[in-house]
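> Structure provided below as structure tokens; questions to follow.
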Amino acid sequence: MRATDTSEIVWRQYICRACGMIYDEKDGDPDSGIAPGTRFEDIPEDWECPICGVRKSDFEPYVHSAPVAAPAAPVMHRSRTPGVVIVGAGLAGRAVAEALRALDSRVPITLVTSCSGDVYHKPELSIALQRGLTEAKLRKESGAHMAARLGVRLIAGTFAVGVDPARRRLRTTSGPLPYDHLVLAQGARPALPPALPADLCWRVNDLDAWCGLAAHLTGAPRAILIVGAGLVGCELAEDFSRAGHRVTLLDKEDAPLAALLPQLASERLRLRLESLGVRFLGGISVERAERGNQGSAIVFTKTARGEREVLGADLLVAATGLATASRLARSAGLAFERGIAVDPLNLRTSVGGISALGDCVSIAGAPCRFIEPISKQAEAIAHDLLGLPHAGYAHAAPVIRLKSRVLPVALHGLPHPSGAWRVISDDGAHLEMEQWHEGALRARLAA
């Protein structure tokens, strides 16, 4: 009997629209009981994304751009035009490079990044400890291998410091770079309130930051104070607690995610986190923080009633939101409103020859800091830069998801501040609610 030659089998991939996780039929999902070699259609309908918890119906086919045999540098030297320069080699920057390569195998592409350009899946960082993910497991591909695979020129360890739109030049710490088209995919950085010193707070916004923090979490359990009970703060609190650490979660609101969720859901989330051992302190603001002995943190807090308390922790983690750095955009004269303002159809900025996408942009004055829209944004930009017909990017409010095992949350639509929530069903284990405002359905919640 002849053995099956698995090298001839075509394995398909499917991408989660919510978090970007890719299911590869060849690898399966052994941690969830899905054996390697399982076809996507054979996965049970109640299977959940191991990263964000969405169902099988939230996945769609994913096709890599065709690999390019030669690395980018020779292509760039042969070209008579500068081509496309992309600032940022994270998910958004790579998505543009892949979308361009899928349409044109020869257009020169340069990726400029302050880091190494290594490929990792950012949503995994806030759940890495409970899944036993080490740095080696988180790092999917080296920057050099990614560049060769896509046929792009990678300039790593380099900061973009200014843009000269008239001459079409990007100024970097490695020298000026000419461009035909410039794409800004610089992401967003943690926003620290004045009361939290940058040199005292850990912020988990990239792999290098996570690795630095993880190195301090080995050995004996640590006391960790997290400031900010938003999506990232809640996910980190659960992850650290499941890893055996003593976690205090602090927020100026009375319950976690209170600014986004109805009271019933946010209170339920608080109770579920506390069942894991997380200590939640609501209605509290930080007045200042100081360094204690052996690198510990001393945090001075105050309640709305003026009551003060001093909290101590081995590690202080800030999860106080993100902000787009405006320096690069200002140097180019780009319109800026809580992010780089872009045309919602083609992602062009207010200055010709420059586009932007991902965490750094704003659409109609609202930041767009979600993974779900990035692939569609990149596709629209690629078609626009190459002058190819395309329907354009159709912006819609993405589904907001809390990656939590104690209370997975999916919020469809953006709630209105004065809208009324009503319970659709609640059996204690699963909650469904809707918010209506002025006769229109504004949001749906499943938790």
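Identifiers in this document derive from the order of the structure tokens: chains are assigned A, B, ..., residues are numbered from 1 separately in each chain, and ligands are numbered from 1 in order of occurrence.
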Find the residues around region 211-219 of chain A up to 12 Å (only C-alpha atoms counted), leave out those fewer than 2 positions away in its own chain, and share them as number ranges by chain.

A: 125-129, 132-139, 200-209, 221-224, 236, 239-241, 243-246, 295-296, 314-318

> Residues within 7 Å of region 257-267 of chain A, please, as a PyMOL selection string. Count only C-alpha atoms; anything in the same chain fewer than 5 positions from it doesn't count.

chain A and resi 229-231+421

> Okay, now the selection with N, CA, C and O atoms, as a PDB file, in the first residue's frame?


```
ATOM      1  N   ALA A 229      -8.697  49.648  33.783  1.00  0.00           N
ATOM      2  CA  ALA A 229      -9.488  48.418  33.629  1.00  0.00           C
ATOM      3  C   ALA A 229     -10.271  48.438  32.326  1.00  0.00           C
ATOM      4  O   ALA A 229     -11.462  48.148  32.290  1.00  0.00           O
ATOM      5  N   GLY A 230      -9.568  48.794  31.247  1.00  0.00           N
ATOM      6  CA  GLY A 230     -10.147  48.665  29.921  1.00  0.00           C
ATOM      7  C   GLY A 230      -9.926  47.263  29.389  1.00  0.00           C
ATOM      8  O   GLY A 230      -9.672  46.321  30.148  1.00  0.00           O
ATOM      9  N   LEU A 231      -9.995  47.110  28.068  1.00  0.00           N
ATOM     10  CA  LEU A 231      -9.848  45.785  27.479  1.00  0.00           C
ATOM     11  C   LEU A 231      -8.499  45.154  27.825  1.00  0.00           C
ATOM     12  O   LEU A 231      -8.433  44.026  28.320  1.00  0.00           O
ATOM     13  N   TRP A 421     -30.214  50.301  27.736  1.00  0.00           N
ATOM     14  CA  TRP A 421     -29.923  48.883  27.540  1.00  0.00           C
ATOM     15  C   TRP A 421     -31.090  48.037  28.045  1.00  0.00           C
ATOM     16  O   TRP A 421     -31.728  48.398  29.040  1.00  0.00           O
TER      17      TRP A 421
END
```

> For Ala420 (chain A), please output as a list in words all residues within 12 Å (counting only C-alpha atoms; exclusion window: fewer than 3 positions along the same chain).

Leu261, Pro262, Gln263, Pro415, His416, Pro417, Val423, Met433, Glu434, Gln435, Trp436, His437, Glu438, Gly439, Ala440, Leu441, Arg442, Ala443 and Arg444 of chain A

> Could those selected residues go to a file with C-alpha atoms, as a PDB file, in the first residue's frame?


```pdb
ATOM      1  CA  LEU A 261     -20.420  48.012  28.925  1.00  0.00           C
ATOM      2  CA  PRO A 262     -23.830  48.292  30.588  1.00  0.00           C
ATOM      3  CA  GLN A 263     -23.731  48.104  34.370  1.00  0.00           C
ATOM      4  CA  PRO A 415     -23.228  52.346  22.423  1.00  0.00           C
ATOM      5  CA  HIS A 416     -24.732  55.813  22.763  1.00  0.00           C
ATOM      6  CA  PRO A 417     -23.904  57.525  26.089  1.00  0.00           C
ATOM      7  CA  VAL A 423     -31.795  42.336  28.627  1.00  0.00           C
ATOM      8  CA  MET A 433     -28.414  42.706  25.794  1.00  0.00           C
ATOM      9  CA  GLU A 434     -29.365  45.406  23.306  1.00  0.00           C
ATOM     10  CA  GLN A 435     -29.107  49.162  23.438  1.00  0.00           C
ATOM     11  CA  TRP A 436     -31.676  51.375  21.730  1.00  0.00           C
ATOM     12  CA  HIS A 437     -31.554  55.125  21.246  1.00  0.00           C
ATOM     13  CA  GLU A 438     -34.220  57.263  19.575  1.00  0.00           C
ATOM     14  CA  GLY A 439     -35.913  54.194  18.151  1.00  0.00           C
ATOM     15  CA  ALA A 440     -32.761  52.749  16.562  1.00  0.00           C
ATOM     16  CA  LEU A 441     -30.699  49.737  17.607  1.00  0.00           C
ATOM     17  CA  ARG A 442     -27.238  51.062  18.531  1.00  0.00           C
ATOM     18  CA  ALA A 443     -25.419  48.073  20.053  1.00  0.00           C
ATOM     19  CA  ARG A 444     -25.706  44.364  20.845  1.00  0.00           C
TER      20      ARG A 444
END
```

> May I ask which of the residues A:Cys52, A:Ala297, A:Ala323, A:Ala329 is the closest one to Leu407 (chain A), counting only C-alpha atoms?

A:Cys52

> Check which residues of region 311-389 of chain A sit at most 12 Å from region 107-114 of chain A using only C-alpha atoms, and return one row each with the closest pair of atoms and their distance in Å to one decimal, ordered by chain and rising number, as JSON lines.


```
{"residue": "A:Ala382", "atom": "CA", "partner": "A:Val107", "partner_atom": "CA", "distance": 10.9}
{"residue": "A:Leu385", "atom": "CA", "partner": "A:Val107", "partner_atom": "CA", "distance": 10.4}
{"residue": "A:Leu386", "atom": "CA", "partner": "A:Val107", "partner_atom": "CA", "distance": 8.9}
```

> When you look at region 21-38 of chain A with a cut-off of 8 Å (counting only C-alpha atoms), what residues show up, excluding the ones that are within fewer than 6 positions of it in the same chain? I need them as a ChimeraX atom specification.

/A:11-15,47,49-51,62,121

> Deliver the residues from the most recent selection as a file, using all heavy atoms, as a CSV table (one decimal), in the first residue's frame.


```csv
chain,number,residue,atom,x,y,z
A,11,TRP,N,-2.9,22.7,1.7
A,11,TRP,CA,-3.5,23.1,2.9
A,11,TRP,C,-4.0,24.6,2.9
A,11,TRP,O,-3.3,25.5,2.4
A,11,TRP,CB,-2.5,23.0,4.1
A,11,TRP,CG,-2.0,21.6,4.2
A,11,TRP,CD1,-0.7,21.2,3.9
A,11,TRP,CD2,-2.7,20.5,4.7
A,11,TRP,NE1,-0.6,19.8,4.2
A,11,TRP,CE2,-1.8,19.4,4.7
A,11,TRP,CE3,-3.9,20.3,5.2
A,11,TRP,CZ2,-2.1,18.1,5.1
A,11,TRP,CZ3,-4.3,19.0,5.7
A,11,TRP,CH2,-3.4,17.9,5.6
A,12,ARG,N,-5.2,24.8,3.3
A,12,ARG,CA,-5.8,26.1,3.3
A,12,ARG,C,-5.6,26.8,4.6
A,12,ARG,O,-5.5,26.2,5.7
A,12,ARG,CB,-7.3,26.1,2.9
A,12,ARG,CG,-7.5,25.5,1.5
A,12,ARG,CD,-9.0,25.2,1.3
A,12,ARG,NE,-9.4,24.1,2.2
A,12,ARG,CZ,-10.7,23.7,2.3
A,12,ARG,NH1,-11.6,24.2,1.5
A,12,ARG,NH2,-11.0,22.7,3.1
A,13,GLN,N,-5.8,28.1,4.6
A,13,GLN,CA,-5.7,28.9,5.8
A,13,GLN,C,-6.9,29.8,5.9
A,13,GLN,O,-7.5,30.3,4.9
A,13,GLN,CB,-4.4,29.8,5.8
A,13,GLN,CG,-3.1,29.0,5.9
A,13,GLN,CD,-1.9,29.9,6.0
A,13,GLN,OE1,-1.9,30.9,5.4
A,13,GLN,NE2,-0.9,29.5,6.7
A,14,TYR,N,-7.3,30.1,7.1
A,14,TYR,CA,-8.5,30.9,7.4
A,14,TYR,C,-8.1,31.9,8.5
A,14,TYR,O,-7.5,31.5,9.5
A,14,TYR,CB,-9.7,30.1,7.8
A,14,TYR,CG,-10.2,29.2,6.7
A,14,TYR,CD1,-9.6,28.0,6.4
A,14,TYR,CD2,-11.3,29.5,6.0
A,14,TYR,CE1,-10.0,27.2,5.4
A,14,TYR,CE2,-11.8,28.7,4.9
A,14,TYR,CZ,-11.2,27.6,4.6
A,14,TYR,OH,-11.6,26.8,3.6
A,15,ILE,N,-8.6,33.1,8.3
A,15,ILE,CA,-8.2,34.2,9.3
A,15,ILE,C,-9.4,34.7,10.1
A,15,ILE,O,-10.5,34.8,9.5
A,15,ILE,CB,-7.5,35.4,8.5
A,15,ILE,CG1,-7.0,36.4,9.5
A,15,ILE,CG2,-8.5,36.0,7.5
A,15,ILE,CD1,-6.1,37.5,8.8
A,47,TRP,N,-16.6,25.4,17.6
A,47,TRP,CA,-15.2,25.7,17.9
A,47,TRP,C,-15.0,27.2,18.0
A,47,TRP,O,-15.6,28.0,17.3
A,47,TRP,CB,-14.4,25.1,16.8
A,47,TRP,CG,-12.9,25.5,16.8
A,47,TRP,CD1,-12.0,25.0,17.6
A,47,TRP,CD2,-12.3,26.4,16.0
A,47,TRP,NE1,-10.7,25.6,17.4
A,47,TRP,CE2,-10.9,26.4,16.3
A,47,TRP,CE3,-12.7,27.3,14.9
A,47,TRP,CZ2,-9.9,27.3,15.7
A,47,TRP,CZ3,-11.7,28.1,14.3
A,47,TRP,CH2,-10.4,28.1,14.7
A,49,CYS,N,-12.2,30.6,18.4
A,49,CYS,CA,-10.8,31.1,18.2
A,49,CYS,C,-10.1,31.0,19.5
A,49,CYS,O,-10.5,31.5,20.5
A,49,CYS,CB,-10.9,32.5,17.6
A,49,CYS,SG,-9.3,33.3,17.6
A,50,PRO,N,-8.9,30.4,19.5
A,50,PRO,CA,-8.1,30.3,20.7
A,50,PRO,C,-7.6,31.6,21.3
A,50,PRO,O,-7.2,31.7,22.4
A,50,PRO,CB,-7.0,29.3,20.4
A,50,PRO,CG,-6.9,29.5,18.9
A,50,PRO,CD,-8.2,29.7,18.4
A,51,ILE,N,-7.6,32.7,20.4
A,51,ILE,CA,-7.2,34.0,20.9
A,51,ILE,C,-8.3,34.8,21.4
A,51,ILE,O,-8.2,35.3,22.5
A,51,ILE,CB,-6.5,34.7,19.7
A,51,ILE,CG1,-5.3,33.9,19.1
A,51,ILE,CG2,-6.0,36.1,20.2
A,51,ILE,CD1,-4.2,33.6,20.1
A,62,TYR,N,-8.0,32.8,3.9
A,62,TYR,CA,-6.9,33.7,3.9
A,62,TYR,C,-5.9,33.2,2.9
A,62,TYR,O,-5.5,32.1,2.9
A,62,TYR,CB,-6.2,33.8,5.3
A,62,TYR,CG,-5.0,34.6,5.4
A,62,TYR,CD1,-5.0,36.0,5.3
A,62,TYR,CD2,-3.7,34.0,5.5
A,62,TYR,CE1,-3.9,36.8,5.4
A,62,TYR,CE2,-2.6,34.8,5.6
A,62,TYR,CZ,-2.6,36.1,5.6
A,62,TYR,OH,-1.5,36.9,5.7
A,121,HIS,N,2.1,37.9,16.7
A,121,HIS,CA,0.7,38.2,16.7
A,121,HIS,C,0.4,39.0,18.0
A,121,HIS,O,0.3,38.4,19.1
A,121,HIS,CB,-0.1,36.9,16.7
A,121,HIS,CG,-1.6,37.1,16.3
A,121,HIS,ND1,-2.0,37.9,15.3
A,121,HIS,CD2,-2.7,36.6,16.9
A,121,HIS,CE1,-3.3,37.9,15.2
A,121,HIS,NE2,-3.8,37.1,16.2
```

> Could you tell me how far CA of Gln377 (chain A) lies from CA of Gly358 (chain A), in Å and to one decimal?

7.8 Å

> Excluding same-chain residues fewer than 5 positions from Leu192 (chain A), what lies within 8 Å of it counting only C-alpha atoms, as a list in words?

Pro197, Ala198, Ala318, Thr320 and Gly321 of chain A

> Go ahead and save the picked residues with C-alpha atoms, as a PDB file, in the first residue's frame.


```pdb
ATOM      1  CA  PRO A 197       6.274  58.051  35.460  1.00  0.00           C
ATOM      2  CA  ALA A 198       7.341  56.320  32.252  1.00  0.00           C
ATOM      3  CA  ALA A 318      -0.141  50.944  32.925  1.00  0.00           C
ATOM      4  CA  THR A 320      -4.341  53.567  30.244  1.00  0.00           C
ATOM      5  CA  GLY A 321      -5.086  53.629  26.533  1.00  0.00           C
TER       6      GLY A 321
END
```

> Write down as a list in words the residues belonging to region 10-135 of chain A that are assigned strand (DSSP E or B) by DSSP computed on the backbone.

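DSSP-assigned strand (DSSP E or B) residues in region 10-135 of chain A: Gln13, Tyr14, Ile15, Cys16, Ile22, Tyr23, Asp24, Asp29, Ile34, Glu48, Arg55, Phe59, Glu60, Pro61, Tyr62, Val84, Val85, Ile86, Val87, Ile109, Thr110, Leu111, Val112, Val119 and Tyr120 of chain A.
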
> Can you list, as a PyMOL selection string, every protein, DNA or RNA residue that comes within 12 Å of Ala429 (chain A) when you count only C-alpha atoms, leaving out same-chain residues fewer than 5 positions away?

chain A and resi 265+268-269+272+406-408+446-447

> Dump N, CA and C atoms for the selected residues as an mmCIF file, in the first residue's frame?


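The resulting file, out04.cif, is reproduced below:
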```
data_model
loop_
_atom_site.group_PDB
_atom_site.id
_atom_site.type_symbol
_atom_site.label_atom_id
_atom_site.label_comp_id
_atom_site.auth_asym_id
_atom_site.auth_seq_id
_atom_site.Cartn_x
_atom_site.Cartn_y
_atom_site.Cartn_z
ATOM 1 N N ALA A 265 -23.358 44.007 32.842
ATOM 2 C CA ALA A 265 -22.227 43.257 32.287
ATOM 3 C C ALA A 265 -20.918 43.613 32.978
ATOM 4 N N ARG A 268 -20.782 42.018 36.352
ATOM 5 C CA ARG A 268 -20.556 40.574 36.227
ATOM 6 C C ARG A 268 -19.093 40.295 35.924
ATOM 7 N N LEU A 269 -18.481 41.126 35.103
ATOM 8 C CA LEU A 269 -17.062 40.975 34.809
ATOM 9 C C LEU A 269 -16.227 41.163 36.071
ATOM 10 N N ARG A 272 -16.465 38.031 38.183
ATOM 11 C CA ARG A 272 -15.740 36.902 37.603
ATOM 12 C C ARG A 272 -14.225 37.071 37.795
ATOM 13 N N VAL A 406 -13.075 33.962 31.752
ATOM 14 C CA VAL A 406 -14.088 34.049 32.800
ATOM 15 C C VAL A 406 -15.366 34.705 32.285
ATOM 16 N N LEU A 407 -15.229 35.635 31.316
ATOM 17 C CA LEU A 407 -16.410 36.275 30.741
ATOM 18 C C LEU A 407 -16.060 36.840 29.363
ATOM 19 N N PRO A 408 -16.064 35.993 28.327
ATOM 20 C CA PRO A 408 -15.829 36.520 26.976
ATOM 21 C C PRO A 408 -16.929 37.520 26.613
ATOM 22 N N ALA A 446 -23.007 40.366 23.826
ATOM 23 C CA ALA A 446 -23.056 38.971 24.245
ATOM 24 C C ALA A 446 -21.907 38.753 25.215
ATOM 25 N N ALA A 447 -22.215 38.215 26.379
ATOM 26 C CA ALA A 447 -21.173 38.025 27.393
ATOM 27 C C ALA A 447 -21.462 36.744 28.184
#
```

> So which bits of region 91-187 of chain A end up alpha helix (DSSP H) when you DSSP the backbone, as a list in words?

Leu91, Ala92, Gly93, Arg94, Ala95, Val96, Ala97, Glu98, Ala99, Leu100, Arg101, Ala102, Leu103, Glu135, Ala136, Lys137, Leu138, Gly143, Ala144, His145, Met146, Ala147, Ala148, Arg149 and Leu150 of chain A

> Pick the closest to Arg169 (chain A) from A:Ile226, A:Ile354, A:Val299, A:Ala195: which is it, counting only C-alpha atoms?

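Ranked by minimum distance to Arg169 (chain A), first place goes to A:Ile354.
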
> Mind giving me the straight-line distance from CA of Ile424 (chain A) to CA of Glu372 (chain A) in Å, one decimal?

26.5 Å

> Which one is closest to Ala95 (chain A): A:Ile371, A:Ala220, A:Ile400, A:Leu388? Count only C-alpha atoms.

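Selected residue with least distance to Ala95 (chain A): A:Ile371.
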
> Between A:Gln186, A:Thr303, A:Ser275, A:Thr158, which one has atoms that come closest to Ser116 (chain A), using only C-alpha atoms?

A:Thr158
